[in-house]
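K.L.:
I have a structure I would like to understand better, so I am pasting it below and will then ask my questions one at a time.
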Amino acid sequence: MDKKELQAEILRLKKEKDICILAHAYQDHELWEVADYMGDSFGLSLQAQKAEQKNVIMCGVRFMAETVKILAPEKRVWIANDKAGCPMARQMNRMDVLELRKKYPDYTVCAYINTTADMKRAVDVVVTSSSAMKIISKLPDEKILFIPDPNLGGWIAEQMPDKTFAFYDGGCPTHMLISAKDVEEARRLHPEANILVHPECLKEVVSQADYVGSTTGIMKYAKESDKKEFVIGTENSIVAHLQIECPDKTFYALSPLCVCSNMRITTLEDLYGCMMGTCGDEILLSPQEIEEARRPIDRMIELGG
């Protein structure tokens, strides 16, 4: 089958097999075209929770599929490619968090959603890049241990001088490939462009940006702005997506290195194979794991509205 035939077969199968397809923003556009929902990891989980279908396939990485299972435990959930993992999510485990709690006994442990279900069981609250400021500002606690990304955590801390932050030495290896020199070069080559970056980038990159926000925030800003040129400082698939959706504007990648191989590993063939039962992996979590991992997510929802 060629691409169009494969997409048509996927669309037929998802109706026949009662499947909701989720595609993260970093997936290729050909996967967007067959997905029921596209967005960031938490947004996709909420869509899956509301979806009528009893089966869900995540085109993204494993922690995202786990979050879907946590929020919609009654559904069967698969990851389309079982090798699609997130390096940052693997930087810490539950035992690491429990050890850090001994080091910071009077700190509230705040975890980025880009973490495993097992690790979430040991934290107090979960945040996304778009909700972190709102959630942490509402926490009554003055001391915050932010894990695992010190870049996102540092960006938040700079805007909250009334709180004390501690960090873990982790972060997104893909976003950290973008350098301050990349920003300087982008300013030289595209002086009329706005530079939009993700807060997972290094401090010296974030400090020079015109806008800092989540992936969906970056896309929203670019679509709604009157500007015609943008330099995008997040996974480079967003450049292609924005160029397709905003043909009257021009988009450039801040760094050619900002490509997440873990996100790009999922293909239409993987999705089709998962639907046919020949590849992918079903997400299986015990009732106890779901209950304990959901507790900090529920607190995020409670604080974030």
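Chain labels run A, B, ... following the order of the structure tokens; each chain numbers its residues from 1, and ligands are numbered from 1 in the order shown.
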Do a neighbour search on segment 290-300 of chain A at 7 Å with only C-alpha atoms, toss out local chain neighbours closer than 5 positions, and write the hits as a ChimeraX atom specification.
P.N.:
/A:70,117-118,120-121,123-127,135,285
K.L.:
Name all residues at most 12 Å from Ala157 of chain A (count only C-alpha atoms; drop same-chain ones fewer than 6 positions away) and give them as a list of chain:residue names.
P.N.:
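Contacts, with the query itself left out: A:Ala132, A:Met133, A:Ile136, A:Ser137, A:Glu142, A:Lys143, A:Ile144, A:Leu145, A:Phe146, A:Pro150, A:Asn151, A:Lys163, A:Thr164, A:Phe165, A:Ala166, A:Phe167, A:Pro199, A:Lys203.
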K.L.:
What's around Ala8 of chain A at 12 Å? Count only C-alpha atoms, leave out sequence neighbours fewer than 3 positions away in its own chain, and write the answer as a list of chain:residue names.
P.N.:
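Final neighbour list, sorted by chain and number: A:Met1, A:Asp2, A:Lys3, A:Lys4, A:Glu5, A:Leu11, A:Arg12, A:Leu13, A:Lys14, A:Lys15, A:Glu30, A:Leu31, A:Glu33, A:Val34, A:Ala35, A:Leu268, A:Tyr272.
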K.L.:
Per residue of segment 154-266 of chain A within 10 Å of segment 39-56 of chain A, what are the shortest atom pair and its distance in Å to one decimal, counting only C-alpha atoms, with rows by chain and residue number, as a Markdown table?
P.N.:
```
| residue | atom | partner | partner_atom | distance |
| --- | --- | --- | --- | --- |
| A:Ser214 | CA | A:Asp40 | CA | 8.4 |
| A:Thr215 | CA | A:Asp40 | CA | 7.1 |
| A:Thr216 | CA | A:Asp40 | CA | 6.6 |
| A:Gly217 | CA | A:Asp40 | CA | 9.9 |
```
K.L.:
Can you write just those residues out, N, CA and C atoms, as a PDB file, in the first residue's frame?
P.N.:
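Contents of result32.pdb, as written:
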```
ATOM      1  N   SER A 214       4.898  26.222  26.069  1.00  0.00           N
ATOM      2  CA  SER A 214       4.747  24.820  25.685  1.00  0.00           C
ATOM      3  C   SER A 214       4.637  24.703  24.164  1.00  0.00           C
ATOM      4  N   THR A 215       4.701  23.478  23.681  1.00  0.00           N
ATOM      5  CA  THR A 215       4.581  23.256  22.236  1.00  0.00           C
ATOM      6  C   THR A 215       3.270  23.810  21.694  1.00  0.00           C
ATOM      7  N   THR A 216       2.166  23.504  22.374  1.00  0.00           N
ATOM      8  CA  THR A 216       0.877  24.024  21.915  1.00  0.00           C
ATOM      9  C   THR A 216       0.821  25.546  22.068  1.00  0.00           C
ATOM     10  N   GLY A 217       1.493  26.062  23.093  1.00  0.00           N
ATOM     11  CA  GLY A 217       1.566  27.513  23.259  1.00  0.00           C
ATOM     12  C   GLY A 217       2.328  28.178  22.127  1.00  0.00           C
TER      13      GLY A 217
END
```
K.L.:
Quick one: pick out all strand (DSSP E or B) residues within segment 100-286 of chain A from a backbone DSSP run and write them as a PyMOL selection string.
P.N.:
chain A and resi 108-112+125-127+143-147+164-167+194-197+211-212+229-233+250-253+281-282
K.L.:
Calculated over only C-alpha atoms, which of the candidates A:Arg187, A:Arg90, A:His24, A:Lys228 has the smallest distance to Arg264 of chain A?
P.N.:
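The shortest atom-to-atom distance to Arg264 of chain A comes from A:His24.
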K.L.:
Contacts of Thr128 of chain A at 7 Å or less, counting only C-alpha atoms, minus same-chain residues fewer than 3 places along, as number ranges by chain?
P.N.:
A: 112-113, 131-132
K.L.:
In Å to one decimal, how far is atom CA of Thr174 of chain A from atom CA of Ala25 of chain A?
P.N.:
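One can read the atom CA of Ala25 of chain A to atom CA of Thr174 of chain A distance as 15.2 Å.
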K.L.:
Output as a PyMOL selection string all residues of segment 66-255 of chain A that backbone DSSP marks as alpha helix (DSSP H).
P.N.:
chain A and resi 66-71+94-103+117-120+132-138+150-158+180-189+203-206+215-224+237-245
K.L.:
Give me the residues near Asp36 of chain A as number ranges by chain, where near means some atom within 7 Å (using only C-alpha atoms) and where sequence neighbours in that chain fewer than 4 positions away do not count.
P.N.:
A: 20-22
K.L.:
Determine the nearest neighbour of Pro247 of chain A from the options A:Asn81, A:Ile232, A:Ile265, A:Lys223, counting only C-alpha atoms.
P.N.:
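Distance minimum relative to Pro247 of chain A lands on A:Lys223.
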K.L.:
Write out as a PyMOL selection string the residues lying within 9 Å of Val97 of chain A, counting only C-alpha atoms and excluding same-chain residues fewer than 3 positions away.
P.N.:
chain A and resi 92-94+100-102+109+119+122-123+147
K.L.:
Write a file of the selected residues as an mmCIF file, in the first residue's frame, keeping C-alpha atoms.
P.N.:
```cif
data_model
loop_
_atom_site.group_PDB
_atom_site.id
_atom_site.type_symbol
_atom_site.label_atom_id
_atom_site.label_comp_id
_atom_site.auth_asym_id
_atom_site.auth_seq_id
_atom_site.Cartn_x
_atom_site.Cartn_y
_atom_site.Cartn_z
ATOM 1 C CA MET A 92 14.582 8.984 37.458
ATOM 2 C CA ASN A 93 12.595 6.187 39.053
ATOM 3 C CA ARG A 94 10.428 5.924 42.130
ATOM 4 C CA LEU A 100 15.483 12.749 47.341
ATOM 5 C CA ARG A 101 12.629 13.065 49.812
ATOM 6 C CA LYS A 102 15.099 12.148 52.556
ATOM 7 C CA VAL A 109 7.826 17.261 45.256
ATOM 8 C CA MET A 119 7.728 7.593 39.413
ATOM 9 C CA ALA A 122 6.124 9.001 44.736
ATOM 10 C CA VAL A 123 5.427 12.704 44.090
ATOM 11 C CA ILE A 147 11.982 17.064 38.999
#
```
K.L.:
Residues within 7 Å of Asn194 of chain A, please, as a PyMOL selection string. Count only C-alpha atoms; anything in the same chain fewer than 3 positions from it doesn't count.
P.N.:
chain A and resi 210+229-231
